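To be precise, the following lines are coords.txt, and they hold compact mmCIF, C-alpha atoms.
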```
# COMPACT_ATOMS: atom_id res chain seq x y z
CA MET K 1 -128.32 36.29 178.04
CA MET K 2 -125.48 38.78 177.56
CA ASN K 3 -123.17 36.05 176.26
CA GLN K 4 -125.14 35.19 173.16
CA GLN K 5 -124.51 36.79 169.78
CA PRO K 6 -126.06 40.25 169.47
CA VAL K 7 -128.84 40.78 166.96
CA THR K 8 -128.21 43.69 164.57
CA TYR K 9 -131.15 45.75 163.34
CA THR K 10 -131.04 48.19 160.45
CA MET K 11 -133.90 50.64 160.07
CA ASP K 12 -133.68 53.13 157.25
CA LYS K 13 -130.07 54.40 157.67
CA VAL K 14 -129.66 53.48 161.34
CA SER K 15 -128.19 50.30 162.83
CA PHE K 16 -128.26 49.12 166.46
CA GLU K 17 -127.79 45.90 168.40
CA LEU K 18 -130.00 44.04 170.86
CA GLN K 19 -129.47 40.91 172.94
CA GLN K 20 -132.34 39.09 171.21
CA PRO K 21 -134.83 39.57 168.36
CA HIS K 22 -137.70 42.02 168.75
CA ASP K 23 -140.57 43.24 166.60
CA PHE K 24 -140.29 46.92 165.62
CA THR K 25 -142.97 46.93 162.92
CA TRP K 26 -145.00 49.46 164.95
CA LEU K 27 -142.02 51.85 165.00
CA GLN K 28 -141.49 51.89 161.26
CA SER K 29 -145.08 53.00 160.74
CA LEU K 30 -144.25 56.29 162.52
CA GLY K 31 -141.82 57.52 159.87
CA THR K 32 -138.14 57.40 158.98
CA VAL K 33 -135.72 56.46 161.74
CA PHE K 34 -132.74 58.86 161.64
CA CYS K 35 -130.99 58.00 164.92
CA ALA K 36 -131.07 55.41 167.70
CA PHE K 37 -129.86 55.45 171.30
CA GLY K 38 -129.52 51.86 172.44
CA GLN K 39 -126.71 51.99 174.99
CA GLN K 40 -128.78 52.68 178.11
CA ASP K 41 -128.78 50.35 181.12
CA SER K 42 -132.36 51.38 181.99
CA GLY K 43 -133.92 48.89 179.59
CA ASN K 44 -135.14 51.71 177.33
CA ILE K 45 -134.09 52.27 173.75
CA SER K 46 -134.82 55.59 172.02
CA PHE K 47 -135.21 56.75 168.43
CA GLY K 48 -135.36 59.94 166.43
CA ILE K 49 -138.08 59.68 163.76
CA GLU K 50 -139.03 62.07 160.97
CA ASN K 51 -142.32 62.17 159.12
CA ASN K 52 -143.14 64.89 156.57
CA GLY K 53 -140.58 67.26 158.04
CA THR K 54 -141.70 66.78 161.66
CA LYS K 55 -139.32 65.06 164.08
CA ILE K 56 -140.27 63.15 167.22
CA PHE K 57 -138.32 61.37 169.95
CA VAL K 58 -139.54 57.87 170.83
CA LYS K 59 -138.59 56.17 174.11
CA TYR K 60 -139.42 52.47 174.18
CA ALA K 61 -139.29 49.64 176.71
CA GLY K 62 -139.84 45.96 175.99
CA CYS K 63 -136.72 44.79 174.19
CA ARG K 64 -133.31 43.84 175.59
CA PRO K 65 -130.69 46.53 174.82
CA MET K 66 -127.09 45.37 175.01
CA SER K 67 -126.35 47.19 178.30
CA PHE K 68 -129.53 45.99 180.04
CA SER K 69 -129.32 43.15 182.54
CA GLY K 70 -132.83 43.40 184.00
CA ASN K 71 -136.27 42.17 183.05
CA PRO K 72 -137.99 43.98 180.12
CA ILE K 73 -141.31 43.71 182.00
CA ASP K 74 -139.85 45.88 184.78
CA ALA K 75 -138.64 48.44 182.21
CA ILE K 76 -142.12 48.52 180.65
CA ASN K 77 -143.75 49.07 184.05
CA ARG K 78 -141.29 51.85 184.94
CA LEU K 79 -141.84 53.69 181.66
CA ARG K 80 -145.62 53.37 181.89
CA ALA K 81 -145.61 54.59 185.50
CA ALA K 82 -143.50 57.63 184.56
CA MET K 83 -145.95 58.99 182.00
CA PRO K 84 -148.22 60.98 184.40
CA LEU K 85 -145.13 62.89 185.61
CA TYR K 86 -144.68 64.56 182.22
CA THR K 87 -148.26 65.88 182.46
CA ILE K 88 -148.17 66.86 186.14
CA LEU K 89 -144.77 68.58 185.78
CA GLU K 90 -145.27 69.91 182.24
CA ASN K 91 -143.08 72.97 181.88
CA ALA K 92 -141.31 75.01 179.19
CA ASN K 93 -137.97 73.70 180.51
CA LEU K 94 -138.98 70.03 180.14
CA ILE K 95 -139.28 68.06 176.90
CA LYS K 96 -142.94 67.76 175.90
CA LEU K 97 -144.78 64.43 175.98
CA LEU K 98 -147.10 64.03 172.98
CA ASP K 99 -148.45 60.49 173.41
CA HIS K 100 -147.80 57.13 175.05
CA TYR K 101 -149.25 53.69 174.48
CA GLU K 102 -148.88 49.92 174.59
CA THR K 103 -147.33 48.23 171.56
CA GLY K 104 -147.49 44.53 170.78
CA ASN K 105 -144.50 43.70 172.97
CA GLY K 106 -143.74 46.85 174.93
CA TYR K 107 -144.53 50.46 175.76
CA ALA K 108 -143.76 53.61 173.78
CA ALA K 109 -143.57 57.26 174.82
CA ILE K 110 -143.61 59.91 172.09
CA PHE K 111 -142.00 63.30 172.75
CA GLU K 112 -141.48 66.47 170.76
CA TRP K 113 -138.02 66.48 169.23
CA PHE K 114 -135.56 68.88 170.83
CA PRO K 115 -132.31 69.40 168.85
CA GLY K 116 -130.05 69.26 171.89
CA GLU K 117 -127.02 67.13 172.74
CA CYS K 118 -126.96 65.09 175.95
CA LEU K 119 -124.28 66.38 178.33
CA HIS K 120 -123.50 62.83 179.43
CA SER K 121 -123.14 61.10 176.04
CA HIS K 122 -121.43 58.03 177.53
CA TRP K 123 -122.13 55.95 174.41
CA LEU K 124 -119.85 58.24 172.37
CA PHE K 125 -117.51 59.84 174.93
CA ALA K 126 -116.81 57.47 177.80
CA GLY K 127 -114.42 58.14 180.67
CA ILE K 128 -111.87 60.89 180.18
CA ALA K 129 -113.12 61.62 176.63
CA LYS K 130 -116.25 63.19 178.13
CA HIS K 131 -114.06 65.91 179.68
CA THR K 132 -111.40 66.26 176.97
CA HIS K 133 -112.69 65.37 173.49
CA PRO K 134 -113.49 68.50 171.45
CA ASP K 135 -116.71 66.90 170.13
CA SER K 136 -117.97 65.82 173.56
CA PRO K 137 -121.12 67.82 174.43
CA PHE K 138 -119.95 68.11 178.05
CA TYR K 139 -116.54 69.44 176.96
CA LYS K 140 -118.17 71.89 174.54
CA PHE K 141 -120.56 73.08 177.24
CA LYS K 142 -117.69 73.70 179.66
CA GLN K 143 -116.03 75.94 177.05
CA LEU K 144 -119.09 78.22 176.90
CA PRO K 145 -118.88 81.64 178.57
CA ILE K 146 -119.88 81.68 182.24
CA ALA K 147 -122.97 83.76 181.42
CA LYS K 148 -124.39 81.05 179.14
CA ARG K 149 -123.73 78.34 181.70
CA LEU K 150 -125.40 80.44 184.39
CA GLN K 151 -128.40 80.80 182.08
CA SER K 152 -128.56 76.99 181.78
CA LEU K 153 -128.31 76.54 185.53
CA ASN K 154 -131.16 79.02 185.91
CA THR K 155 -133.26 76.82 183.60
CA ILE K 156 -132.46 73.79 185.79
CA TYR K 157 -133.20 75.63 189.02
CA GLU K 158 -136.43 77.20 187.76
CA PHE K 159 -137.70 73.80 186.71
CA HIS K 160 -136.85 72.17 190.03
CA GLU K 161 -138.38 75.06 191.94
CA TYR K 162 -141.54 74.18 190.00
CA VAL K 163 -141.08 70.47 190.82
CA GLU K 164 -140.82 71.39 194.50
CA ALA K 165 -143.89 73.66 194.38
CA SER K 166 -145.81 70.83 192.67
CA GLY K 167 -145.11 68.53 195.61
CA TYR K 168 -142.50 66.32 193.98
CA VAL K 169 -138.89 65.35 194.58
CA ALA K 170 -136.30 64.83 191.84
CA VAL K 171 -134.77 61.34 191.62
CA ASP K 172 -132.00 60.27 189.22
CA PHE K 173 -131.33 63.83 188.04
CA TYR K 174 -127.78 64.32 186.72
CA ASP K 175 -126.01 65.67 183.63
CA GLY K 176 -127.43 62.78 181.59
CA SER K 177 -130.85 64.39 182.14
CA LEU K 178 -129.75 67.53 180.28
CA LEU K 179 -129.95 68.40 176.59
CA TYR K 180 -128.21 71.52 175.29
CA ASP K 181 -128.87 73.07 171.89
CA PHE K 182 -125.59 74.80 171.01
CA SER K 183 -127.13 76.62 168.02
CA MET K 184 -129.84 78.30 170.11
CA ASP K 185 -128.09 78.25 173.52
CA GLU K 186 -131.08 76.49 175.08
CA MET K 187 -131.16 73.86 177.81
CA LYS K 188 -133.96 71.36 178.46
CA ILE K 189 -134.48 68.61 180.99
CA CYS K 190 -135.14 65.33 179.19
CA ASP K 191 -135.70 62.62 181.79
CA ILE K 192 -137.85 62.77 184.94
CA ASP K 193 -138.96 59.12 184.88
CA PHE K 194 -138.05 58.45 188.52
CA TYR K 195 -139.31 61.67 190.16
CA ARG K 196 -141.60 60.96 193.13
CA PRO K 197 -144.22 62.66 195.31
CA ALA K 198 -142.51 64.39 198.25
CA PRO K 199 -141.48 63.46 200.82
CA SER K 200 -140.18 60.04 199.86
CA VAL K 201 -137.60 57.60 201.23
CA ASN K 202 -134.66 55.68 199.85
CA ASP K 203 -136.16 52.21 199.39
CA MET K 204 -133.15 50.72 197.59
CA GLY K 205 -130.15 51.55 199.77
CA GLU K 206 -126.73 52.18 198.22
CA GLY K 207 -127.92 51.23 194.74
CA PHE K 208 -130.59 53.95 194.68
CA TRP K 209 -131.18 55.57 191.29
CA GLY K 210 -128.73 58.26 190.22
CA ALA K 211 -125.14 59.07 189.32
CA THR K 212 -122.63 58.97 192.18
CA ARG K 213 -121.40 62.48 191.34
CA SER K 214 -124.88 63.94 191.87
CA LYS K 215 -126.30 61.84 194.71
CA SER K 216 -126.67 63.11 198.26
CA PRO K 217 -125.57 60.99 201.25
CA GLU K 218 -129.19 59.98 201.90
CA GLU K 219 -129.41 58.58 198.38
CA PHE K 220 -126.91 55.92 199.47
CA THR K 221 -128.73 55.11 202.73
CA LEU K 222 -131.68 52.73 203.02
CA GLY K 223 -134.68 54.36 204.71
CA ALA K 224 -133.24 57.89 204.54
CA PRO K 225 -135.64 60.75 203.71
CA LEU K 226 -135.71 62.15 200.17
CA ASP K 227 -137.04 65.68 200.22
CA ALA K 228 -136.30 69.31 199.39
CA ARG K 229 -132.93 69.19 201.18
CA THR K 230 -131.99 66.15 199.10
CA ASN K 231 -132.75 68.10 195.94
CA VAL K 232 -130.82 71.12 197.20
CA PHE K 233 -127.77 68.84 197.34
CA THR K 234 -128.46 67.74 193.75
CA MET K 235 -128.72 71.36 192.58
CA GLY K 236 -125.39 72.14 194.25
CA ALA K 237 -123.79 69.05 192.73
CA ILE K 238 -124.92 70.04 189.23
CA ALA K 239 -123.46 73.53 189.81
CA PHE K 240 -120.09 71.96 190.62
CA GLY K 241 -120.46 69.80 187.52
CA LEU K 242 -121.15 72.69 185.14
CA LEU K 243 -119.09 75.46 186.79
CA GLY K 244 -116.49 73.63 188.87
CA GLY K 245 -114.52 70.46 189.39
CA GLU K 246 -117.51 68.11 189.67
CA MET K 247 -116.78 66.03 192.82
CA ASP K 248 -113.76 68.23 193.57
CA HIS K 249 -115.43 71.07 195.47
CA SER K 250 -112.30 73.21 195.85
CA PHE K 251 -112.51 76.89 194.96
CA SER K 252 -109.46 76.50 192.68
CA GLN K 253 -111.64 74.45 190.30
CA TRP K 254 -114.58 76.88 190.46
CA GLU K 255 -115.21 79.24 187.53
CA GLY K 256 -117.95 81.39 189.06
CA ASN K 257 -117.64 84.12 191.68
CA ARG K 258 -116.97 83.54 195.37
CA SER K 259 -120.61 84.21 196.35
CA LEU K 260 -121.92 81.47 194.05
CA TYR K 261 -119.22 79.11 195.29
CA GLU K 262 -120.36 79.60 198.88
CA VAL K 263 -123.98 78.94 197.89
CA ALA K 264 -123.06 75.74 196.01
CA LEU K 265 -120.80 74.59 198.84
CA ARG K 266 -123.56 75.00 201.43
CA ALA K 267 -125.95 73.13 199.14
CA VAL K 268 -123.68 70.04 199.05
CA SER K 269 -123.15 69.86 202.81
CA ARG K 270 -122.94 66.26 204.01
CA ASP K 271 -125.07 67.34 206.97
CA ARG K 272 -128.63 67.80 205.68
CA GLU K 273 -129.42 70.42 208.31
CA LEU K 274 -126.66 72.72 207.02
CA ARG K 275 -128.13 72.84 203.51
CA TYR K 276 -130.78 75.29 202.35
CA PRO K 277 -134.16 73.98 203.51
CA THR K 278 -135.81 74.30 200.08
CA ILE K 279 -134.87 74.75 196.43
CA GLN K 280 -136.69 78.10 196.59
CA ALA K 281 -134.35 79.26 199.38
CA PHE K 282 -131.35 77.90 197.48
CA LYS K 283 -132.39 79.71 194.29
CA GLN K 284 -132.90 83.01 196.12
CA ALA K 285 -129.35 82.77 197.49
CA TRP K 286 -128.04 81.70 194.09
CA ASP K 287 -129.76 84.59 192.30
CA ALA K 288 -128.29 87.02 194.82
CA GLY K 289 -124.87 85.50 194.11
CA VAL K 290 -125.32 85.89 190.36
CA ASN K 291 -126.15 89.58 190.84
CA SER K 292 -123.39 90.29 193.34
```
Would you put the structure from the file into C-alpha cells?
Amino acid sequence: MMNQQPVTYTMDKVSFELQQPHDFTWLQSLGTVFCAFGQQDSGNISFGIENNGTKIFVKYAGCRPMSFSGNPIDAINRLRAAMPLYTILENANLIKLLDHYETGNGYAAIFEWFPGECLHSHWLFAGIAKHTHPDSPFYKFKQLPIAKRLQSLNTIYEFHEYVEASGYVAVDFYDGSLLYDFSMDEMKICDIDFYRPAPSVNDMGEGFWGATRSKSPEEFTLGAPLDARTNVFTMGAIAFGLLGGEMDHSFSQWEGNRSLYEVALRAVSRDRELRYPTIQAFKQAWDAGVNS
C-alpha cells in the first residue's frame, strides 16, 4: 500500500497527502481548514478549522495517512474507545472535547482549539533539529527560564495526580502529548487516547505504546504491571526531558537544583520498588524540592 503514488488533497489553503483516496465532504461542512497534521503513525489525521471566528481541532480516523501501516478500522476503534476518557478525566490542564461522532467512512473527535505548539513536532523538526533548530518548539521551550518550565511541569504533575486519583494510569504520555502556548506561557496535555483504568498490564510486550525516552522498564515487558509506580517513572522521565539531558540522567545535564534532581532520579529508578509509590508522593517531594 505504501508503494503506490500518494494522493494529494487541497482543502481551502491546506494540502496534505494520503495513501489512497478518501471522502472529506463532512469535514468541509465544519468550516475553513487552516492547518492539517497528517504525519502521525497512529492512523489519525488532524485539522484546524475556523468557522465565524471560532477555531476547533478535529482528530479523525478512517483514512490512510502516509506514515500509517495499520488497518484504518483499528484506528477508528481506538479513537472511538478513547472518547469517554476525555469526559472522565476532564480537567483544566487537558484539551476539551466538544463532540465526537461517526462519519460516512470514519470517526471524528472535535476539540476546543488551543493555540499551543507540540513539543515533539517530528513532522517539522526531526532528529537533531528538534533540539537545535531555533524554530523547534522543543528547542524554544528549553530556552525558557527555569521558573516557566517548572510551572509547566507542575501542570503535568497536577493533571496526572488527578488521573491517579480518578483510578487511571497514563499510557503513551511523552513530549508529543504536550502543547505549549509561548504567548501566554500555558501548557496543556493534548492526547490521552491510550490511558487505562488502573492497575493494568503490558499486553503488547516490547512494542507497548509510548516513546522509548519516556517508557519505564515494565513498558517493555509483556505481562508487567502498569500502575502508579509506572507513571512515577514517566513523570521523572518528562522532568529529565524538560529540565535535563533527556535519557542522559547525569547531574551535569540538569538545569534545576540538586533537590529536584534527586527526586527525578529516584522516580526513574529501574527498580520499581525504589520509586515513589504514587504520583501524589512524587509530587509532594517535587514541590518540596521546588521550594528548597
Item to check | CA of Tyr180 (chain K) to CA of Phe159 (chain K), straight-line distance in Å | outcome: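 A separation of 15.0 Å between them.
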Item to check | Residue neighbourhood region 139-153 of chain K, 9 Å, all atoms listed in the file, exclusion window fewer than 2 positions, as number ranges by chain | outcome: K: 119, 129-137, 155-158, 180, 182, 185-188, 235, 238-239, 242-243, 255-256, 290
Item to check | For Ala211 (chain K), the nearest of the candidates K:Ser269, K:Ser177, K:Asn105, K:Asn154, counting all atoms listed in the file | outcome: K:Ser177
Find the residues of region 165-274 of chain K that sit at most 12 Å from region 23-47 of chain K; for each, write down the nearest two atoms and how far apart they are in Å, to one decimal. Count all atoms listed in the file. Sort by chain, then by number going up, and give it as a Markdown table.
```
| residue | atom | partner | partner_atom | distance |
| --- | --- | --- | --- | --- |
| K:Asp172 | CA | K:Ser42 | CA | 11.5 |
| K:Gly176 | CA | K:Gln40 | CA | 10.8 |
| K:Asp191 | CA | K:Ser42 | CA | 11.7 |
| K:Asp193 | CA | K:Ser42 | CA | 10.6 |
| K:Phe194 | CA | K:Ser42 | CA | 11.2 |
| K:Trp209 | CA | K:Ser42 | CA | 10.3 |
| K:Gly210 | CA | K:Ser42 | CA | 11.3 |
```
Item to check | Atom-to-atom span, CA of Glu219 (chain K) and CA of Pro277 (chain K), Å | outcome: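 Atom-to-atom, CA of Glu219 (chain K) to CA of Pro277 (chain K), that is 16.9 Å.
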Item to check | Near-Val171 (chain K) list (12 Å; only C-alpha atoms; drop same-chain fewer than 4 positions) as a ChimeraX atom specification | outcome: /K:82,160,163,177,191-202,208-211,214-216,218-219,226-228,230-235
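From CA of Glu112 (chain K) back to CA of Lys96 (chain K), the distance works out to 5.5 Å.
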Checklist entry - Nearest to Asp248 (chain K): which of K:Phe282, K:Gly53, K:Ala108, K:Arg213 is it, counting only C-alpha atoms? => result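 For Asp248 (chain K), the nearest of the candidates is K:Arg213.
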Checklist entry - Using only C-alpha atoms, which residue out of K:Gln20, K:Asp181, K:Ile110, K:Trp254 lies closest to Lys55 (chain K)? => result K:Ile110
Checklist entry - Excluding same-chain residues fewer than 3 positions from Cys118 (chain K), what lies within 6 Å of it counting only C-alpha atoms, as a PyMOL selection string? => result chain K and resi 121+178-179
Around all the atoms of region 159-176 of chain K listed in the file, draw an axis-aligned box and extend it by 3 Å on each of the six sides; I want its centre and edge lengths in Å to one decimal, as AutoDock Vina command-line options.
```
--center_x -135.9 --center_y 67.7 --center_z 188.6 --size_x 25.8 --size_y 20.8 --size_z 20.0
```
Checklist entry - Pick the closest to Gly48 (chain K) from K:Phe68, K:Phe111, K:Tyr162, K:Phe16: which is it, counting all atoms listed in the file? => result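 Under the stated criterion, the closest residue is K:Phe111.
For the set K:Tyr261, K:Phe57, K:Phe138, K:Phe220, the residue with the smallest atom-to-atom gap to His100 (chain K) is K:Phe57, counting all atoms listed in the file.
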Checklist entry - Using all atoms listed in the file, which residues sit within 8 Å of Leu79 (chain K) once same-chain residues fewer than 2 positions away are excluded, as a list in words? => result Tyr60, Ala61, Ala75, Ile76, Asn77, Ala81, Ala82, Met83, Tyr107, Ala109 and Asp193 of chain K
Item to check | Distance query 7 Å from (-124.1, 43.0, 172.6) using all atoms listed in the file, result as JSON, numbers by chain | outcome: {"K": [2, 5, 6, 17, 18, 19, 66]}
